[in-house]
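Student: The structure follows.
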Amino acid sequence: MQPANNMNTLAQNMPNQSMMYQTYTPTFGNLNFMIQPSMSGEVSNTFGTIPYVSLESLIYLQQMQAQTAPEKTLPGQNTGQQNVKGQYTVTDSTGNVRMVMGYSPDGF
Amino acid sequence: MTGFKNTSKDKIHLNSFIGGHSIDYKYGIANSFYDSQSLDFRSKPSQMSVLPAARNLSVTMSDLCTAMVQDPQGVRYAVGNQGYLYRISTAGVVSNIGKLDSNGAAGIVYNQQSDQLYIPSQQTVSLYGQVSGASPTLRTANFGASASTAAGVVNIYNSTTAAYDNPRNNAVVAAALAGGALTPSNYSTYVTNTLTNTYVLPTTISEATSQFCPFVPDIEPFYSIAVYVTTKGTGNWTLTLHDSLNNSLATVTVTNANLVVGWNEFKFTTTGGVRALVNSFATGTSAGYHFHLTSSVASDTAAVATYAAASLTGCNFLMFAYRLVKTNNGWHPATIFGQFLCIGNGQYLSTYTFTNDSNPNNVATGSGASGWNRHALLLDVGYEVCGLSVNNQYLVIAAEKRSSSTSKSFQDGYLYFWDGQNVNYNFKIEIPMGAPYSVYTINNITYFYCAGSLFAWGGGQQVIKVRYIGYQNTDYLGVTDTTIVNPNMMDIRYNLLMLGYPSTTTNVNLNYGVYSWGSVELTYPNSFGYSYTLASGLKNYSASNNLQFGMVRNFVDTLYMSWQYTDSGGITRYGIDIVDNTSTPASTFSWTSLIYDGGVRYKRKKGLRYKINFLPLPTNTTITAFYSIDRKTNVTADPVTGVAFTATAGDTSIVIELNNARFYELQWGFTGTCSSATSAPTITGITMEVDALEDEHVMRKDYA
């Protein structure tokens, strides 16, 4: 008897495709986790298996989720030359434009 | 007509072992198994072969090696935990080439430009080089104590400017003249006294304003204080160091006979020096620290040079500090990060920009200047650096809290991340699970051990627990878990992460050795295995063997493992093992399946036959099959005839007929031996045939 071809067994057979079922977060763990097989009385001819979770895929997801809060953006000073096509727009906390510098086709 | 014996039955067959070790007895990812030793199950995922054995490279070392590097000529250098320095020639000959001034600190760095080794000991850093030259020299404690030239130390508080800007001496200029820093051995040559007023020493301490000399240190721990004596009088002199609350931190007495007119150094005897807060707040004369000078003789004429008459405030003095903090963990991990030599310095990170190996200048925290900065980064108070690693953006600084108690450990840790530019670390991640040991980066993922598990950080907000290495849980053992993993216990071998574990423990259940983590290609999962054991065969700690594992270091095909243990005669042995391209297959190896219960633990099944397939067994090798019913003792021989389930040279399989083997849980595996074998056994398939006994569905109490 072969186990059913569900998400867990697919993940076993395609370990690096397990991201298609990826609902793992370091906070909540593996939401898909289910020990296979869950038996109803029939004798399985395999060992009990659990889905593989790729460390690299988790780290990829972490990096995708990583954000820097605006208040964490550090002020700084640069020296040298910087070439910009377009314009810099500086807004205040309410979104009002306080300064525009550079070139805009409809404006400056 | 097919007979009963040939009736098709279910077979649990493994023709791939790529899943590696499972955590659980029964559940694992596909193609996993419960346990193995010295088996390569990754190189060819459809088979397993035996890994090379470790052999002794040296068994006569003087201490436990904890760090190793290689120079461009292929010569390798290692430092031990008691401070011995070793050279491993390209021919593999190990020689003792010197000893540091104190215990080694698990750090050794080679700079190809200076051709020198930089080797921290407990409170200094030594040099060995030039290693490519004809006669390399060990300069012990080359980087030792030096004097503070911070304004709060060498200047007097100026009430007009509200700043420490009245020089008490010419220390700043003198340091430049000295080539970089003032040291206890050179300061008297360069630092002069131009103060004409004096302060006569009393016999008792007074906290009146003029009766002490305040200062605001920028470096610590304090090594000594030198004062300029104008009249030595007749009494013995005592220097008493106070903090701002007038707590006595240290006292030093110099007998009158040992005093001279001129510079006199009062060296603190406190082990490790006097710890102090650096860059502490100070207003006027309410500085972080101050010292008193007293004489043992009443009405003594003893006097020191000072800025204002009868006031010790302007005393002409220098304060020397140790190069490194003496840590509870005994470590100062070191690495090169960009332009810096970075050294873990207790709760600080020290940096050195290789500006002057003879005598680098002291650099103030946050100044960004070149030189030696003892306190380039200030970590959380009470933490000590226990590992350094470099990824593509940051120096990763692992820090722990280390208790001096043998039974009451902390459970605290941090990872700090620094880009090499910021005056502070960029960010940190708390590791409340325990000390983050032996940080190491592969493929830009930073791994570390914590509480017996392998963790990884790859750029997110959290660290990820990868899996456990060994359960450090000591429930029911009656012992305290004091397991420690040294800073250099991970390395890479053939693209796999090698995990030496543990370094020291009192947990007799932990298996010493080198574990492995990784995969051979992206198609296959990362997997875990127990790959290399020590040549001595010792795998577990005991009170009598005191087994310890110093470091793991790999250079392409050569893996080094350092160790110490106490032999049956009570003598402590130190040595280093090697695995290289001349190694023979491991003398013992083993494999154990998951426990099989068919998903129906309550129901009896029946084992029929067990077959192991392998390539023709090489000469001088054996494989012995075993099985275990319901977690009982392994059966390794026919219960009736006593014939062992052993295959020998030339065999390609072994088949066991299980005798009425009714079971609820069944586990199977094999052990093997290689004795002077020149090639390794290769296992190609493992199959257990079972009868589901489908007509027996009675729920009843387990049979005995």
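Chains: A, B, ... in order of the structure tokens. Residues: from 1 per chain. Ligands: from 1, in order shown.
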Would you return as a PyMOL selection string the members of region 196-418 of chain B that DSSP assigns to strand (DSSP E) on this structure's backbone?
Tutor: chain B and resi 197-200+213-215+222-231+237-243+248-254+262-267+289-295+303-306+317-321+334-337+340-345+348-352+372-378+384-390+395-400+413-418
Student: Please, could you write that set of residues out with C-alpha atoms as an mmCIF file, in the first residue's frame?
Tutor:
data_model
loop_
_atom_site.group_PDB
_atom_site.id
_atom_site.type_symbol
_atom_site.label_atom_id
_atom_site.label_comp_id
_atom_site.auth_asym_id
_atom_site.auth_seq_id
_atom_site.Cartn_x
_atom_site.Cartn_y
_atom_site.Cartn_z
ATOM 1 C CA ASN B 197 53.955 72.106 43.243
ATOM 2 C CA THR B 198 53.734 69.106 45.541
ATOM 3 C CA TYR B 199 51.212 67.201 47.620
ATOM 4 C CA VAL B 200 52.468 65.745 50.900
ATOM 5 C CA CYS B 213 42.994 62.521 42.232
ATOM 6 C CA PRO B 214 39.939 62.019 39.981
ATOM 7 C CA PHE B 215 40.026 60.638 36.457
ATOM 8 C CA PHE B 222 43.296 48.903 35.105
ATOM 9 C CA TYR B 223 46.772 47.419 35.190
ATOM 10 C CA SER B 224 48.649 50.021 37.233
ATOM 11 C CA ILE B 225 48.968 53.672 38.101
ATOM 12 C CA ALA B 226 52.320 55.441 37.955
ATOM 13 C CA VAL B 227 52.853 58.626 39.946
ATOM 14 C CA TYR B 228 55.734 61.082 39.912
ATOM 15 C CA VAL B 229 57.440 61.164 43.338
ATOM 16 C CA THR B 230 59.277 64.313 44.331
ATOM 17 C CA THR B 231 60.179 63.220 47.862
ATOM 18 C CA TRP B 237 53.281 54.308 50.168
ATOM 19 C CA THR B 238 49.774 53.015 49.561
ATOM 20 C CA LEU B 239 47.655 53.880 46.565
ATOM 21 C CA THR B 240 43.944 53.310 47.167
ATOM 22 C CA LEU B 241 41.605 53.226 44.185
ATOM 23 C CA HIS B 242 37.990 54.276 44.684
ATOM 24 C CA ASP B 243 34.948 54.460 42.462
ATOM 25 C CA SER B 248 37.592 50.608 47.576
ATOM 26 C CA LEU B 249 38.437 48.799 44.360
ATOM 27 C CA ALA B 250 42.083 48.058 45.041
ATOM 28 C CA THR B 251 45.028 49.032 47.177
ATOM 29 C CA VAL B 252 48.689 48.754 46.320
ATOM 30 C CA THR B 253 51.548 49.334 48.730
ATOM 31 C CA VAL B 254 55.137 49.967 47.686
ATOM 32 C CA GLY B 262 60.744 60.161 39.816
ATOM 33 C CA TRP B 263 58.271 57.692 38.320
ATOM 34 C CA ASN B 264 56.944 54.859 40.480
ATOM 35 C CA GLU B 265 54.400 52.310 39.318
ATOM 36 C CA PHE B 266 51.702 50.916 41.604
ATOM 37 C CA LYS B 267 50.613 47.655 39.970
ATOM 38 C CA TYR B 289 37.203 56.989 39.656
ATOM 39 C CA HIS B 290 39.817 58.512 41.899
ATOM 40 C CA PHE B 291 42.793 57.433 43.920
ATOM 41 C CA HIS B 292 44.364 58.403 47.214
ATOM 42 C CA LEU B 293 47.985 58.263 48.257
ATOM 43 C CA THR B 294 48.932 57.693 51.877
ATOM 44 C CA SER B 295 52.132 57.095 53.778
ATOM 45 C CA ALA B 303 55.304 64.022 48.252
ATOM 46 C CA VAL B 304 54.222 63.800 44.637
ATOM 47 C CA ALA B 305 54.274 66.374 41.882
ATOM 48 C CA THR B 306 50.959 68.112 41.435
ATOM 49 C CA PHE B 317 50.176 60.255 36.945
ATOM 50 C CA LEU B 318 49.580 57.733 34.208
ATOM 51 C CA MET B 319 46.964 54.983 34.222
ATOM 52 C CA PHE B 320 47.832 51.748 32.444
ATOM 53 C CA ALA B 321 45.239 49.215 31.312
ATOM 54 C CA ALA B 334 39.832 36.456 16.608
ATOM 55 C CA THR B 335 39.312 37.002 12.907
ATOM 56 C CA ILE B 336 40.078 39.478 10.150
ATOM 57 C CA PHE B 337 37.139 41.586 9.013
ATOM 58 C CA PHE B 340 40.461 45.072 11.084
ATOM 59 C CA LEU B 341 41.932 42.391 13.221
ATOM 60 C CA CYS B 342 38.891 41.773 15.401
ATOM 61 C CA ILE B 343 39.296 40.187 18.813
ATOM 62 C CA GLY B 344 36.511 39.300 21.183
ATOM 63 C CA ASN B 345 37.385 41.153 24.358
ATOM 64 C CA TYR B 348 33.849 44.540 23.977
ATOM 65 C CA LEU B 349 35.077 44.003 20.487
ATOM 66 C CA SER B 350 38.688 45.078 20.038
ATOM 67 C CA THR B 351 39.950 46.156 16.662
ATOM 68 C CA TYR B 352 43.419 46.712 15.315
ATOM 69 C CA TRP B 372 44.342 49.606 18.520
ATOM 70 C CA ASN B 373 40.852 50.148 19.864
ATOM 71 C CA ARG B 374 40.237 48.036 22.968
ATOM 72 C CA HIS B 375 36.583 48.975 23.114
ATOM 73 C CA ALA B 376 35.581 49.492 19.495
ATOM 74 C CA LEU B 377 32.150 48.107 20.301
ATOM 75 C CA LEU B 378 30.485 48.015 23.691
ATOM 76 C CA GLU B 384 31.497 37.827 26.853
ATOM 77 C CA VAL B 385 32.314 37.198 23.236
ATOM 78 C CA CYS B 386 32.250 33.466 22.498
ATOM 79 C CA GLY B 387 32.625 33.456 18.735
ATOM 80 C CA LEU B 388 33.162 35.557 15.619
ATOM 81 C CA SER B 389 32.144 34.943 12.028
ATOM 82 C CA VAL B 390 31.930 37.027 8.884
ATOM 83 C CA LEU B 395 30.872 40.662 11.481
ATOM 84 C CA VAL B 396 28.695 38.397 13.590
ATOM 85 C CA ILE B 397 29.680 38.571 17.237
ATOM 86 C CA ALA B 398 28.299 35.839 19.446
ATOM 87 C CA ALA B 399 28.254 36.606 23.153
ATOM 88 C CA GLU B 400 27.335 34.572 26.183
ATOM 89 C CA GLY B 413 23.146 34.995 24.710
ATOM 90 C CA TYR B 414 23.212 37.587 21.963
ATOM 91 C CA LEU B 415 24.242 37.815 18.363
ATOM 92 C CA TYR B 416 25.577 41.258 17.488
ATOM 93 C CA PHE B 417 25.984 42.415 13.922
ATOM 94 C CA TRP B 418 28.492 45.064 12.916
#
Student: Using only C-alpha atoms, tabulate the residues of chain A lying at most 6 Å from any atom of chain B, each with its closest atom pair and that distance in Å to one decimal, by chain and increasing residue number, as JSON lines.
Tutor:
{"residue": "A:Gln12", "atom": "CA", "partner": "B:Ala30", "partner_atom": "CA", "distance": 5.4}
{"residue": "A:Met39", "atom": "CA", "partner": "B:Gly599", "partner_atom": "CA", "distance": 5.8}
{"residue": "A:Val43", "atom": "CA", "partner": "B:Gly598", "partner_atom": "CA", "distance": 4.8}
{"residue": "A:Ser44", "atom": "CA", "partner": "B:Gly598", "partner_atom": "CA", "distance": 4.4}
{"residue": "A:Asn45", "atom": "CA", "partner": "B:Ile12", "partner_atom": "CA", "distance": 5.6}
{"residue": "A:Thr46", "atom": "CA", "partner": "B:Ile12", "partner_atom": "CA", "distance": 5.8}
{"residue": "A:Phe47", "atom": "CA", "partner": "B:Tyr596", "partner_atom": "CA", "distance": 5.7}
{"residue": "A:Gly48", "atom": "CA", "partner": "B:Tyr27", "partner_atom": "CA", "distance": 4.8}
{"residue": "A:Thr49", "atom": "CA", "partner": "B:Gly28", "partner_atom": "CA", "distance": 5.0}
{"residue": "A:Ile50", "atom": "CA", "partner": "B:Ile29", "partner_atom": "CA", "distance": 5.0}
{"residue": "A:Pro51", "atom": "CA", "partner": "B:Ile29", "partner_atom": "CA", "distance": 5.8}
{"residue": "A:Tyr52", "atom": "CA", "partner": "B:Ile29", "partner_atom": "CA", "distance": 5.7}
{"residue": "A:Ile59", "atom": "CA", "partner": "B:Gly458", "partner_atom": "CA", "distance": 5.5}
{"residue": "A:Gln62", "atom": "CA", "partner": "B:Gly460", "partner_atom": "CA", "distance": 4.8}
{"residue": "A:Gln63", "atom": "CA", "partner": "B:Gly460", "partner_atom": "CA", "distance": 5.5}
{"residue": "A:Ala66", "atom": "CA", "partner": "B:Gly460", "partner_atom": "CA", "distance": 5.9}
Student: Just the number, please: distance in Å from CA of Thr533 (chain B) to CA of Gly98 (chain B), one decimal.
Tutor: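 Straight-line distance from CA of Thr533 (chain B) to CA of Gly98 (chain B) works out to 29.4 Å.
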Student: Applying 7 Å and only C-alpha atoms, which residues near Ser89 (chain B) remain after dropping the ones on its own chain fewer than 5 positions away? List them as a PDB file with N, CA and C atoms, in the first residue's frame.
Tutor:
ATOM      1  N   VAL B  75      52.111  25.531   5.748  1.00  0.00           N
ATOM      2  CA  VAL B  75      52.406  25.195   7.144  1.00  0.00           C
ATOM      3  C   VAL B  75      51.222  25.639   8.001  1.00  0.00           C
ATOM      4  N   ARG B  76      50.845  24.781   8.908  1.00  0.00           N
ATOM      5  CA  ARG B  76      49.703  25.081   9.769  1.00  0.00           C
ATOM      6  C   ARG B  76      50.167  25.338  11.195  1.00  0.00           C
ATOM      7  N   VAL B  94      54.339  17.548  13.764  1.00  0.00           N
ATOM      8  CA  VAL B  94      53.875  18.521  14.747  1.00  0.00           C
ATOM      9  C   VAL B  94      55.026  18.861  15.689  1.00  0.00           C
TER      10      VAL B  94
END
Student: Might you pull out every residue within 7 Å of region 469-481 of chain B, with only C-alpha atoms counted and same-chain residues fewer than 5 positions away left off, and present them as a PyMOL selection string?
Tutor: chain B and resi 407+451-454+506-507+510
Student: If we count only C-alpha atoms, what is near Leu324 (chain B) at a cut-off of 8 Å, once residues fewer than 4 positions away on the same chain are taken out, given as a list in words?
Tutor: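 Close residues of Leu324 (chain B): Gln122, Gln123, Thr124, Pro221, Asn345, Gly346 and Arg374 of chain B.
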